[in-house]
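Q: This is the structure I have questions about; it appears just below.
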Number of protein chains: 2
Amino acid sequence: MQLLLDQQGALYEQIARALKQAILDGRIVEGGRLPSTRTLARALQVSRKSIILAYELLCAEQLAVVRAGSGTRVGKLVAPPPIRRAPSIKKPTSGYTARMRNLPDFTLRGRAAHRYNLQCGEPLLNAKLFNAWRRKLSAAALRAGPKYPTAGGFMPLRVALADYLGRRRGVICDPADILIVGGTQQAVTLVARVLLDARAPVVIEDPHYQLAVHALKAHGARIVSVRTDADGMVVQALPKRPARLAYLTPAHQFPSGATMSLPRKMELLRWAKTNDCWIFEDDYDAGFQADSRPLPTLHSLDVGNRVIYAGSFSKTLFPSLRLGYIVCPQALRRDLFTAKLLNDLGSAAIEQAALATYIQSRQYEKHLREARREVLIRRRVVVDALRRSLGARIEIGPHDGGMHFVIWLNKIGFDELPTVLVKAANSGLGLYPVHPYYRVKPSRPGLLIGYAGLSAAQLKRAVELLTECLRRA
Amino acid sequence: MQLLLDQQGALYEQIARALKQAILDGRIVEGGRLPSTRTLARALQVSRKSIILAYELLCAEQLAVVRAGSGTRVGKLVAPPPIRRAPSIKKPTSGYTARMRNLPDFTLRGRAAHRYNLQCGEPLLNAKLFNAWRRKLSAAALRAGPKYPTAGGFMPLRVALADYLGRRRGVICDPADILIVGGTQQAVTLVARVLLDARAPVVIEDPHYQLAVHALKAHGARIVSVRTDADGMVVQALPKRPARLAYLTPAHQFPSGATMSLPRKMELLRWAKTNDCWIFEDDYDAGFQADSRPLPTLHSLDVGNRVIYAGSFSKTLFPSLRLGYIVCPQALRRDLFTAKLLNDLGSAAIEQAALATYIQSRQYEKHLREARREVLIRRRVVVDALRRSLGARIEIGPHDGGMHFVIWLNKIGFDELPTVLVKAANSGLGLYPVHPYYRVKPSRPGLLIGYAGLSAAQLKRAVELLTECLRRA
């Protein structure tokens with residue numbers, strides 16, 4: 001009998017585990033006698049005490065029994081065990097799994113350790129915010145209560161949000177319509193479950209935010225991609241055949257940075273009405289608009305109650321918070337709430353309670369004002385530096401809002417791009433091309449410029465490095 | 001022109017919103033002139049200043065334009081708006097929705113305000129725990145980092161859990177196999193997506209935990225219910241036709257309280273192997289077992305790598321935390337991790353970091369020891385009081401582990417039960433019958449006795465009240 005000890009925990013536990021494995025593997029036959037404690041102690045070169053303890057453990061677990069006069073035996077009750085064979089799942093285990101495996105390789109974000117990382121989605125780091133958040137969390141721990149939260153969300157948070165959204169985004173809604181979710185990604189998956197059967201057509205923008213579309217594809221949706229320009233989605237290019245859902249980022253098209261124009265918005269709403277289509281408005285970085293009075297949201301223009309408005313705190317606070325919300329159209333409210341309940345019984349209560357007072361006390365808006373001011377400074381710094389250093393070599397895309405924009409490279413071909421990226425990486429500059437976000441490849445290469453996570457000085461240095469890389473190419 | 005002000009926010013905003021609504025409703029035709037500020041101010045009996053501000057707001061939103069000499073007009077750009085008609089969704093919007101609506105009415109938990117509530121699932125309230133948790137959260141806020149968390153979970157938490165599970169539950173696993181999820185409910189939905197196509201057969205216990213089974217049904221699974229007795233699921237009653245998944249609560253069958261015997265466990269594993277079936281082991285209240293050495297988990301007996309072991313902190317810490325874990329079989333690991341990523345990009349980071357140090361510093365085990373001691377005291381108090389007061393009127397079900405058990409009523413018929421429940425409620429006692437958890441109605445009525453949330457004195461009083469109700473019936 002071979003015993004392999006796993007070196008975890010006390011010695012007698014290791015021995016008991018190894019014996020158990022031998023029993024389960026069928027290497028000690030049912031009813032078979034275990035070696036005497038003395039014999040095994042000698043074989044393993046351990047104390048007899050350890051063997052005795054191990055046997056006691058096996059007896060406590062009913063895997064062995066002590067018989068007077070015949071030592072310790074494997075328990076009679078154990079059915080002959082199945083043969084060890086780990087299932088290897090080459091074949092997908094479900095349609096969902098098959099679709100997941102068909103997605104292009106993706107990870108949440110590349111965790112590149114570039115000194116100057118121009119990745120978009122990097123939060124504005126802010127020690128003050130974190131300190132305020134700590135205090136809110138600490139206070140909330142006393143207030144939230146230990147019991148199961150309401151699956152729809154902590155009511156004071158929904159009240160605070162309804163007030164905020166009405167005042168700041170023109171989204172007039174009842175707190176009862178607001179469903180608290182674990183971020184926009186979860187909002188997309190819940191809406192998919194409630195609205196989409198297999199192969200249901202869903203309209204998305206080209207380019208688009210990949211993880212949301214991955215979730216829709218894994219769910220089984222048929223994706224219909226519609227091109228965008230400087231005015232957002234080109235509504236004239238919408239398909240003639242009705243779609244079930246249109247997923248858009250109208251305030252700040254991701255990743256192109258375009259803002260959807262008012263006429264386009266009105267036309268989209270009309271198209272949705274004609275085609276009996278729902279609209280998912282992903283207002284992912286609302287709060288970082290340049291104007292104090294941004295263009296109206298689709299939700300506020302919609303008189304047909306077809307807009308599902310979703311927001312998140314990943315951009316305005318920090319991504320590791322994992323909280324967001326859906327403003328549910330009345331007709332979908334009950335089903336969306338039930339879907340959330342069945343998905344996870346509701347989001348964590350303490351963080352919801354902390355967020356409620358953070359918004360309700362207007363600290364959130366104060367933070368947004370300050371963050372927006374800082375974002376505007378950084379944006380100006382990087383845009384000015386790019387214009388000065390690169391001039392006609394680049395074209396700067398829309399950059400009125402949000403925390404990133406796109407620059408298009410006039411003098412670089414797609415074939416030269418990989419060399420530029422490697423050179424940049426070697427000099428400590430993280431560059432991210434934009435064409436992977438497009439279904440129809442753009443005519444020239446473009447780069448995402450995520451500037452919010454870098455200071456003004458870092459941004460200037462980043463632009464210097466970029467200029468060097470592009471000049472040398 | 002009728003303008004209805006909604007009384008929310010500043011007056012000029014209300015007026016702007018009402019005008020916007022009128023424009024969107026088509027009550028002011030495209031290109032049409034808005035009333036002069038003077039006229040409208042008089043009509044609404046407000047200051048002209050408010051009207052001017054409202055018109056400015058409409059212009060900022062591009063819904064109106066000012067023309068020299070012709071006052072303010074509705075913007076030319078606005079497409080004739082769709083007619084208002086809120087969609088009423090009588091017909092379910094998807095197969096998922098249809099199945100959700102088919103579920104029996106349920107809420108998360110009845111939030112009855114009984115003075116003595118014998119509902120199961122009530123946590124052991126503990127001020128010390130909450131204070132410790134506050135400190136951990138506060139410290140974790142500095143450590144967790146603001147960026148997107150790893151979708152699989154915070155690695156130090158997974159390391160701490162692997163260590164804990166190995167020592168305390170005999171679940172030997174690699175931290176890389178552990179997926180952090182938002183509680184057992186989410187574990188069930190993720191496993192369903194990865195393993196179950198529409199109409200896939202899933203074996204469950206009769207009786208069973210309803211919300212998990214609701215989620216499986218909504219997902220589209222075909223439920224095959226197998227009866228249980230004092231030794232857990234009756235393995236002989238398992239269906240001849242292969243199932244895809246078996247969902248069980250072996251350590252403490254919910255809600256009957258039975259512990260699955262070792263021979264049954266071995267037989268189940270053999271059946272699963274023969275039928276190529278996966279097993280979901282819901283170890284929902286592990287940590288409240290009476291013995292320090294509980295029977296081995298299915299996971300620890302499984303040499304076929306078919307057991308998906310899931311646990312949660314809802315019972316051992318508090319339900320509003322919304323954190324749990326899946327120990328993934330290797331073959332499913334990648335797919336389960338991707339499904340979690342697509343579902344919500346991962347769970348909140350700060351609470352994961354707090355939990356990591358709470359477990360790693362062994363405070364969790366200290367808390368469990370103390371809580372277990374208290375639970376044992378309360379259990380003994382309520383069992384003794386029941387025996388003394390009700391004797392042969394009741395039969396007490398298995399009560400070796402967990403935080404609740406079942407009593408069967410020998411002298412009460414199902415027809416008398418509603419009267420007993422009403423009487424109890426009127427005297428401040430919350431009683432919960434067990435038969436709704438059964439598919440095959442038991443021969444006599446039973447009551448759930450959730451005792452963990454009540455003090456010894458409260459429990460004694462609760463038993464007195466119960467005795468009175470049952471005697472009078």
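In the structure tokens, each chain is lettered A, B, ... as it comes, each chain's residues begin at 1, and ligands are numbered from 1 in order of appearance.
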Excluding range 382-393 of chain A and residues on its chain fewer than 5 positions from it, collect all residues at most 8 Å away from it, counting only C-alpha atoms, and give them as a PDB file with all heavy atoms, in the first residue's frame.

A:
```pdb
ATOM      1  N   LEU A 409      -4.178  58.003 -36.419  1.00  0.00           N
ATOM      2  CA  LEU A 409      -2.796  58.192 -36.875  1.00  0.00           C
ATOM      3  C   LEU A 409      -2.788  58.365 -38.399  1.00  0.00           C
ATOM      4  O   LEU A 409      -3.126  57.433 -39.136  1.00  0.00           O
ATOM      5  CB  LEU A 409      -1.945  56.989 -36.463  1.00  0.00           C
ATOM      6  CG  LEU A 409      -2.022  56.618 -34.966  1.00  0.00           C
ATOM      7  CD1 LEU A 409      -1.167  55.401 -34.671  1.00  0.00           C
ATOM      8  CD2 LEU A 409      -1.603  57.796 -34.090  1.00  0.00           C
ATOM      9  N   ASN A 410      -2.394  59.572 -38.853  1.00  0.00           N
ATOM     10  CA  ASN A 410      -2.449  59.857 -40.298  1.00  0.00           C
ATOM     11  C   ASN A 410      -1.255  59.284 -41.062  1.00  0.00           C
ATOM     12  O   ASN A 410      -1.374  58.995 -42.244  1.00  0.00           O
ATOM     13  CB  ASN A 410      -2.505  61.369 -40.531  1.00  0.00           C
ATOM     14  CG  ASN A 410      -3.842  61.943 -40.067  1.00  0.00           C
ATOM     15  OD1 ASN A 410      -4.855  61.231 -40.060  1.00  0.00           O
ATOM     16  ND2 ASN A 410      -3.849  63.204 -39.656  1.00  0.00           N
ATOM     17  N   LYS A 411      -0.129  59.150 -40.381  1.00  0.00           N
ATOM     18  CA  LYS A 411       1.098  58.791 -41.104  1.00  0.00           C
ATOM     19  C   LYS A 411       1.558  57.352 -40.844  1.00  0.00           C
ATOM     20  O   LYS A 411       2.659  56.974 -41.223  1.00  0.00           O
ATOM     21  CB  LYS A 411       2.239  59.743 -40.685  1.00  0.00           C
ATOM     22  CG  LYS A 411       1.859  61.215 -40.715  1.00  0.00           C
ATOM     23  CD  LYS A 411       2.199  61.855 -42.047  1.00  0.00           C
ATOM     24  CE  LYS A 411       1.567  63.226 -42.150  1.00  0.00           C
ATOM     25  NZ  LYS A 411       2.512  64.299 -42.452  1.00  0.00           N
ATOM     26  N   TYR A 451      -6.854  59.227 -20.184  1.00  0.00           N
ATOM     27  CA  TYR A 451      -5.967  60.192 -19.513  1.00  0.00           C
ATOM     28  C   TYR A 451      -6.301  60.391 -18.040  1.00  0.00           C
ATOM     29  O   TYR A 451      -5.530  61.018 -17.310  1.00  0.00           O
ATOM     30  CB  TYR A 451      -6.017  61.548 -20.247  1.00  0.00           C
ATOM     31  CG  TYR A 451      -7.425  62.050 -20.452  1.00  0.00           C
ATOM     32  CD1 TYR A 451      -8.084  62.739 -19.443  1.00  0.00           C
ATOM     33  CD2 TYR A 451      -8.108  61.806 -21.637  1.00  0.00           C
ATOM     34  CE1 TYR A 451      -9.382  63.168 -19.618  1.00  0.00           C
ATOM     35  CE2 TYR A 451      -9.406  62.234 -21.823  1.00  0.00           C
ATOM     36  CZ  TYR A 451     -10.043  62.920 -20.818  1.00  0.00           C
ATOM     37  OH  TYR A 451     -11.329  63.334 -20.967  1.00  0.00           O
ATOM     38  N   ALA A 456      -0.999  65.559 -14.694  1.00  0.00           N
ATOM     39  CA  ALA A 456      -0.651  66.445 -15.809  1.00  0.00           C
ATOM     40  C   ALA A 456       0.803  66.215 -16.237  1.00  0.00           C
ATOM     41  O   ALA A 456       1.112  66.120 -17.434  1.00  0.00           O
ATOM     42  CB  ALA A 456      -0.873  67.902 -15.402  1.00  0.00           C
ATOM     43  N   LEU A 459       1.136  62.992 -18.037  1.00  0.00           N
ATOM     44  CA  LEU A 459       0.531  63.059 -19.367  1.00  0.00           C
ATOM     45  C   LEU A 459       1.481  63.727 -20.360  1.00  0.00           C
ATOM     46  O   LEU A 459       1.622  63.297 -21.504  1.00  0.00           O
ATOM     47  CB  LEU A 459      -0.800  63.812 -19.305  1.00  0.00           C
ATOM     48  CG  LEU A 459      -1.956  63.028 -18.651  1.00  0.00           C
ATOM     49  CD1 LEU A 459      -3.145  63.936 -18.390  1.00  0.00           C
ATOM     50  CD2 LEU A 459      -2.372  61.844 -19.530  1.00  0.00           C
ATOM     51  N   LYS A 460       2.141  64.811 -19.904  1.00  0.00           N
ATOM     52  CA  LYS A 460       3.093  65.502 -20.786  1.00  0.00           C
ATOM     53  C   LYS A 460       4.214  64.558 -21.197  1.00  0.00           C
ATOM     54  O   LYS A 460       4.589  64.493 -22.367  1.00  0.00           O
ATOM     55  CB  LYS A 460       3.662  66.735 -20.080  1.00  0.00           C
ATOM     56  CG  LYS A 460       2.688  67.907 -20.089  1.00  0.00           C
ATOM     57  CD  LYS A 460       3.264  69.110 -19.366  1.00  0.00           C
ATOM     58  CE  LYS A 460       2.183  70.172 -19.177  1.00  0.00           C
ATOM     59  NZ  LYS A 460       2.536  71.125 -18.130  1.00  0.00           N
ATOM     60  N   VAL A 463       2.998  62.015 -23.709  1.00  0.00           N
ATOM     61  CA  VAL A 463       2.887  62.553 -25.077  1.00  0.00           C
ATOM     62  C   VAL A 463       4.276  62.675 -25.702  1.00  0.00           C
ATOM     63  O   VAL A 463       4.452  62.396 -26.903  1.00  0.00           O
ATOM     64  CB  VAL A 463       2.130  63.902 -25.078  1.00  0.00           C
ATOM     65  CG1 VAL A 463       2.190  64.560 -26.460  1.00  0.00           C
ATOM     66  CG2 VAL A 463       0.683  63.696 -24.667  1.00  0.00           C
ATOM     67  N   GLU A 464       5.277  63.068 -24.930  1.00  0.00           N
ATOM     68  CA  GLU A 464       6.653  63.102 -25.448  1.00  0.00           C
ATOM     69  C   GLU A 464       7.080  61.728 -25.962  1.00  0.00           C
ATOM     70  O   GLU A 464       7.617  61.595 -27.066  1.00  0.00           O
ATOM     71  CB  GLU A 464       7.624  63.531 -24.343  1.00  0.00           C
ATOM     72  CG  GLU A 464       7.680  65.034 -24.093  1.00  0.00           C
ATOM     73  CD  GLU A 464       8.546  65.348 -22.857  1.00  0.00           C
ATOM     74  OE1 GLU A 464       9.420  64.535 -22.508  1.00  0.00           O
ATOM     75  OE2 GLU A 464       8.291  66.406 -22.266  1.00  0.00           O
ATOM     76  N   THR A 467       5.249  60.836 -29.108  1.00  0.00           N
ATOM     77  CA  THR A 467       5.763  61.584 -30.249  1.00  0.00           C
ATOM     78  C   THR A 467       7.032  60.932 -30.786  1.00  0.00           C
ATOM     79  O   THR A 467       7.184  60.743 -32.005  1.00  0.00           O
ATOM     80  CB  THR A 467       6.064  63.035 -29.812  1.00  0.00           C
ATOM     81  OG1 THR A 467       4.904  63.559 -29.170  1.00  0.00           O
ATOM     82  CG2 THR A 467       6.433  63.904 -31.000  1.00  0.00           C
TER      83      THR A 467
END
```

Q: Near range 320-331 of chain B, within 7 Å and counting only C-alpha atoms, which residues show up once chain neighbours fewer than 5 positions away are dropped, as a list in words?

A: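 With the cut-off at 7 Å, the set is Pro87, Ser88, Ile89, Pro146, Lys147, Tyr148, Pro149, Ser347, Ala348 and Ala349 of chain A; Asp177, Ile178, Leu179, Ile180, Val181, Gly182, Gly183, Thr184, Ala187, Asn305, Arg306, Val307, Ile308, Tyr309, Ala310, Gly311, Ser312, Phe313 and Ser314 of chain B.
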
Q: Could you write out the selected residues, including C-alpha atoms, as a compact mmCIF listing (two decimals), in the first residue's frame?

A:
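Contents of selection.txt, freshly written:
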```
# COMPACT_ATOMS: atom_id res chain seq x y z
CA PRO A 87 -13.96 14.04 -16.42
CA SER A 88 -12.15 16.04 -19.05
CA ILE A 89 -14.54 18.42 -20.67
CA PRO A 146 -27.37 41.81 9.03
CA LYS A 147 -30.50 40.28 7.47
CA TYR A 148 -31.17 39.50 3.83
CA PRO A 149 -31.33 42.80 1.97
CA SER A 347 -26.38 43.19 -3.73
CA ALA A 348 -24.33 43.63 -0.55
CA ALA A 349 -26.15 45.79 1.99
CA ASP B 177 -10.08 26.35 -7.94
CA ILE B 178 -12.04 28.70 -5.69
CA LEU B 179 -14.42 31.13 -7.36
CA ILE B 180 -15.82 33.92 -5.18
CA VAL B 181 -19.50 34.55 -5.87
CA GLY B 182 -22.34 36.63 -4.45
CA GLY B 183 -23.73 33.82 -2.27
CA THR B 184 -25.09 30.33 -2.94
CA ALA B 187 -23.43 29.81 -7.38
CA ASN B 305 -14.12 15.22 -9.71
CA ARG B 306 -17.87 15.57 -10.21
CA VAL B 307 -18.71 17.50 -7.04
CA ILE B 308 -19.21 21.26 -7.20
CA TYR B 309 -18.85 22.32 -3.57
CA ALA B 310 -20.51 25.63 -2.63
CA GLY B 311 -20.55 27.52 0.63
CA SER B 312 -21.71 30.90 1.84
CA PHE B 313 -21.19 33.31 4.71
CA SER B 314 -24.90 34.09 5.04
```

Q: As an NGL selection string, which residues of range 191-365 of chain A does DSSP assign to strand (DSSP E or B)?

A: :A and (201-206 or 222-229 or 232-233 or 245-248 or 278-282 or 307-312 or 324-327)

Q: Using only C-alpha atoms and a distance of at most 6 Å, pull out the residues of chain B that contact chain A, as a tab-separated table (two decimals) with N, CA, C and O atoms, in the first residue's frame.

A:
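The resulting file, out_17.tsv, is reproduced below:
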```tsv
chain	number	residue	atom	x	y	z
B	61	GLU	N	-30.61	72.25	-24.28
B	61	GLU	CA	-30.86	70.85	-24.63
B	61	GLU	C	-31.19	70.68	-26.11
B	61	GLU	O	-31.56	69.58	-26.54
B	77	LEU	N	-34.69	70.57	-35.53
B	77	LEU	CA	-34.03	69.26	-35.63
B	77	LEU	C	-34.88	68.12	-35.09
B	77	LEU	O	-34.62	66.97	-35.36
B	78	VAL	N	-35.87	68.49	-34.30
B	78	VAL	CA	-36.62	67.45	-33.62
B	78	VAL	C	-37.53	66.73	-34.61
B	78	VAL	O	-38.38	67.33	-35.23
B	79	ALA	N	-37.34	65.44	-34.77
B	79	ALA	CA	-38.20	64.65	-35.65
B	79	ALA	C	-39.58	64.59	-35.00
B	79	ALA	O	-39.70	64.63	-33.79
B	82	PRO	N	-42.77	60.16	-31.67
B	82	PRO	CA	-43.69	59.03	-31.66
B	82	PRO	C	-44.84	59.33	-30.71
B	82	PRO	O	-44.71	60.15	-29.80
B	84	ARG	N	-47.27	58.82	-27.66
B	84	ARG	CA	-47.09	58.20	-26.35
B	84	ARG	C	-47.96	56.95	-26.24
B	84	ARG	O	-49.14	56.97	-26.52
B	85	ARG	N	-47.34	55.88	-25.91
B	85	ARG	CA	-48.11	54.67	-25.59
B	85	ARG	C	-47.18	53.75	-24.82
B	85	ARG	O	-46.23	53.23	-25.40
B	86	ALA	N	-47.43	53.62	-23.57
B	86	ALA	CA	-46.57	52.77	-22.77
B	86	ALA	C	-46.86	51.32	-23.11
B	86	ALA	O	-48.01	50.92	-23.14
B	88	SER	N	-47.61	47.69	-22.53
B	88	SER	CA	-48.05	46.91	-21.36
B	88	SER	C	-47.70	45.46	-21.68
B	88	SER	O	-48.09	44.94	-22.72
B	89	ILE	N	-46.93	44.86	-20.80
B	89	ILE	CA	-46.39	43.55	-21.12
B	89	ILE	C	-47.19	42.48	-20.41
B	89	ILE	O	-46.81	42.03	-19.33
B	93	THR	N	-41.94	38.50	-21.98
B	93	THR	CA	-41.02	39.00	-22.99
B	93	THR	C	-39.96	37.98	-23.40
B	93	THR	O	-39.23	38.23	-24.35
B	94	SER	N	-39.83	36.89	-22.69
B	94	SER	CA	-38.87	35.86	-23.08
B	94	SER	C	-39.27	34.54	-22.41
B	94	SER	O	-40.12	34.54	-21.51
B	97	THR	N	-38.62	34.83	-18.79
B	97	THR	CA	-39.66	35.59	-18.10
B	97	THR	C	-40.91	34.74	-17.91
B	97	THR	O	-41.53	34.74	-16.83
B	134	ARG	N	-16.60	45.99	11.08
B	134	ARG	CA	-16.36	47.41	10.75
B	134	ARG	C	-14.88	47.71	10.63
B	134	ARG	O	-14.44	48.40	9.73
B	138	SER	N	-12.89	48.86	7.26
B	138	SER	CA	-12.18	50.12	7.24
B	138	SER	C	-10.75	49.90	6.78
B	138	SER	O	-10.22	50.65	5.94
B	146	PRO	N	-8.74	50.43	-5.96
B	146	PRO	CA	-9.95	50.91	-6.62
B	146	PRO	C	-10.24	50.22	-7.95
B	146	PRO	O	-11.35	50.27	-8.44
B	147	LYS	N	-9.26	49.55	-8.54
B	147	LYS	CA	-9.42	49.06	-9.91
B	147	LYS	C	-10.33	47.84	-9.99
B	147	LYS	O	-10.68	47.25	-8.99
B	148	TYR	N	-10.67	47.46	-11.22
B	148	TYR	CA	-11.49	46.27	-11.41
B	148	TYR	C	-10.87	45.11	-10.67
B	148	TYR	O	-9.67	44.86	-10.81
B	149	PRO	N	-11.67	44.40	-9.87
B	149	PRO	CA	-11.11	43.25	-9.15
B	149	PRO	C	-10.88	42.10	-10.13
B	149	PRO	O	-11.38	42.12	-11.26
B	185	GLN	N	-26.97	31.45	-3.98
B	185	GLN	CA	-27.93	31.65	-5.07
B	185	GLN	C	-27.19	31.91	-6.39
B	185	GLN	O	-27.50	31.33	-7.42
B	186	GLN	N	-26.20	32.77	-6.34
B	186	GLN	CA	-25.44	33.04	-7.55
B	186	GLN	C	-24.65	31.80	-7.99
B	186	GLN	O	-24.52	31.55	-9.19
B	194	VAL	N	-23.61	27.11	-16.97
B	194	VAL	CA	-22.50	26.33	-17.52
B	194	VAL	C	-22.91	24.89	-17.83
B	194	VAL	O	-22.40	24.31	-18.78
B	195	LEU	N	-23.86	24.34	-17.07
B	195	LEU	CA	-24.15	22.91	-17.24
B	195	LEU	C	-25.47	22.59	-17.92
B	195	LEU	O	-25.63	21.50	-18.47
B	196	LEU	N	-26.44	23.50	-17.88
B	196	LEU	CA	-27.80	23.09	-18.23
B	196	LEU	C	-28.34	23.76	-19.47
B	196	LEU	O	-28.47	24.99	-19.52
B	197	ASP	N	-28.66	22.98	-20.47
B	197	ASP	CA	-29.44	23.48	-21.58
B	197	ASP	C	-30.92	23.39	-21.21
B	197	ASP	O	-31.28	22.81	-20.19
B	215	ALA	N	-34.61	29.24	-9.21
B	215	ALA	CA	-33.61	29.69	-10.19
B	215	ALA	C	-33.37	28.62	-11.25
B	215	ALA	O	-33.25	28.93	-12.45
B	263	PRO	N	-22.98	5.69	3.71
B	263	PRO	CA	-23.31	4.78	2.60
B	263	PRO	C	-24.11	5.47	1.50
B	263	PRO	O	-23.85	5.27	0.32
B	266	MET	N	-21.78	7.48	-0.63
B	266	MET	CA	-20.99	6.66	-1.55
B	266	MET	C	-21.84	6.19	-2.72
B	266	MET	O	-21.41	6.19	-3.87
B	270	ARG	N	-21.48	6.96	-6.76
B	270	ARG	CA	-21.44	5.88	-7.76
B	270	ARG	C	-22.50	6.13	-8.84
B	270	ARG	O	-22.24	5.99	-10.04
B	295	LEU	N	-19.23	14.32	9.51
B	295	LEU	CA	-19.06	13.34	8.45
B	295	LEU	C	-18.38	13.99	7.25
B	295	LEU	O	-18.55	15.18	7.02
B	303	VAL	N	-13.85	10.84	-5.84
B	303	VAL	CA	-12.60	10.65	-6.56
B	303	VAL	C	-12.83	10.86	-8.06
B	303	VAL	O	-11.92	10.73	-8.85
B	304	GLY	N	-14.05	11.23	-8.44
B	304	GLY	CA	-14.35	11.42	-9.86
B	304	GLY	C	-14.37	12.87	-10.30
B	304	GLY	O	-14.61	13.16	-11.46
B	305	ASN	N	-14.09	13.79	-9.39
B	305	ASN	CA	-14.12	15.22	-9.71
B	305	ASN	C	-15.44	15.66	-10.31
B	305	ASN	O	-15.48	16.39	-11.30
B	318	PHE	N	-23.29	36.92	8.25
B	318	PHE	CA	-24.64	37.50	8.18
B	318	PHE	C	-25.07	37.57	6.72
B	318	PHE	O	-24.24	37.72	5.82
B	319	PRO	N	-26.38	37.43	6.48
B	319	PRO	CA	-26.85	37.29	5.10
B	319	PRO	C	-26.64	38.52	4.22
B	319	PRO	O	-26.48	38.38	3.02
B	320	SER	N	-26.63	39.73	4.82
B	320	SER	CA	-26.55	40.91	3.97
B	320	SER	C	-25.15	41.11	3.39
B	320	SER	O	-24.94	42.00	2.58
B	321	LEU	N	-24.21	40.24	3.77
B	321	LEU	CA	-22.86	40.30	3.22
B	321	LEU	C	-22.84	39.91	1.75
B	321	LEU	O	-22.08	40.47	0.96
B	322	ARG	N	-23.65	38.93	1.38
B	322	ARG	CA	-23.76	38.45	-0.01
B	322	ARG	C	-22.42	37.98	-0.57
B	322	ARG	O	-21.99	38.43	-1.64
B	331	ALA	N	-12.50	20.46	-14.48
B	331	ALA	CA	-13.05	20.47	-15.84
B	331	ALA	C	-14.00	21.64	-16.06
B	331	ALA	O	-14.21	22.06	-17.19
B	342	LEU	N	-18.69	37.28	-17.04
B	342	LEU	CA	-19.74	37.82	-17.90
B	342	LEU	C	-20.95	38.25	-17.09
B	342	LEU	O	-21.69	39.14	-17.50
B	343	ASN	N	-21.17	37.63	-15.94
B	343	ASN	CA	-22.33	37.97	-15.13
B	343	ASN	C	-22.20	39.34	-14.48
B	343	ASN	O	-23.14	40.13	-14.50
B	344	ASP	N	-21.05	39.65	-13.92
B	344	ASP	CA	-20.93	40.92	-13.19
B	344	ASP	C	-19.49	41.41	-13.02
B	344	ASP	O	-19.24	42.30	-12.21
B	348	ALA	N	-17.62	42.60	-5.16
B	348	ALA	CA	-17.03	43.83	-4.59
B	348	ALA	C	-15.71	43.52	-3.89
B	348	ALA	O	-15.60	42.55	-3.14
B	349	ALA	N	-14.71	44.37	-4.11
B	349	ALA	CA	-13.35	44.08	-3.66
B	349	ALA	C	-13.13	44.33	-2.17
B	349	ALA	O	-12.45	43.56	-1.50
```

Q: What's the separation between CA of Asp229 in chain A and CA of Phe405 in chain A, in Å to one decimal place?

A: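 For CA of Asp229 in chain A relative to CA of Phe405 in chain A, the distance reads 13.9 Å.
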
Q: My list of candidates is B:Leu4, B:Leu355, B:Val171, B:Cys120. Which is closest to Lys315 in chain B when distances are computed with only C-alpha atoms?

A: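 The answer is B:Cys120, which sits nearest to Lys315 in chain B.
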
Q: Take CA of Arg115 in chain B and CA of Ala473 in chain B and report the distance between them in Å, one decimal.

A: 21.3 Å

Q: Env of Gly397 in chain A: 12 Å cut, atoms = only C-alpha atoms, seq-sep filter 2 positions within chain, self excluded. Answer as a ChimeraX atom specification.

A: /A:229-231,252-253,255-259,383,386,394-395,399-401,404-409,434,446-449
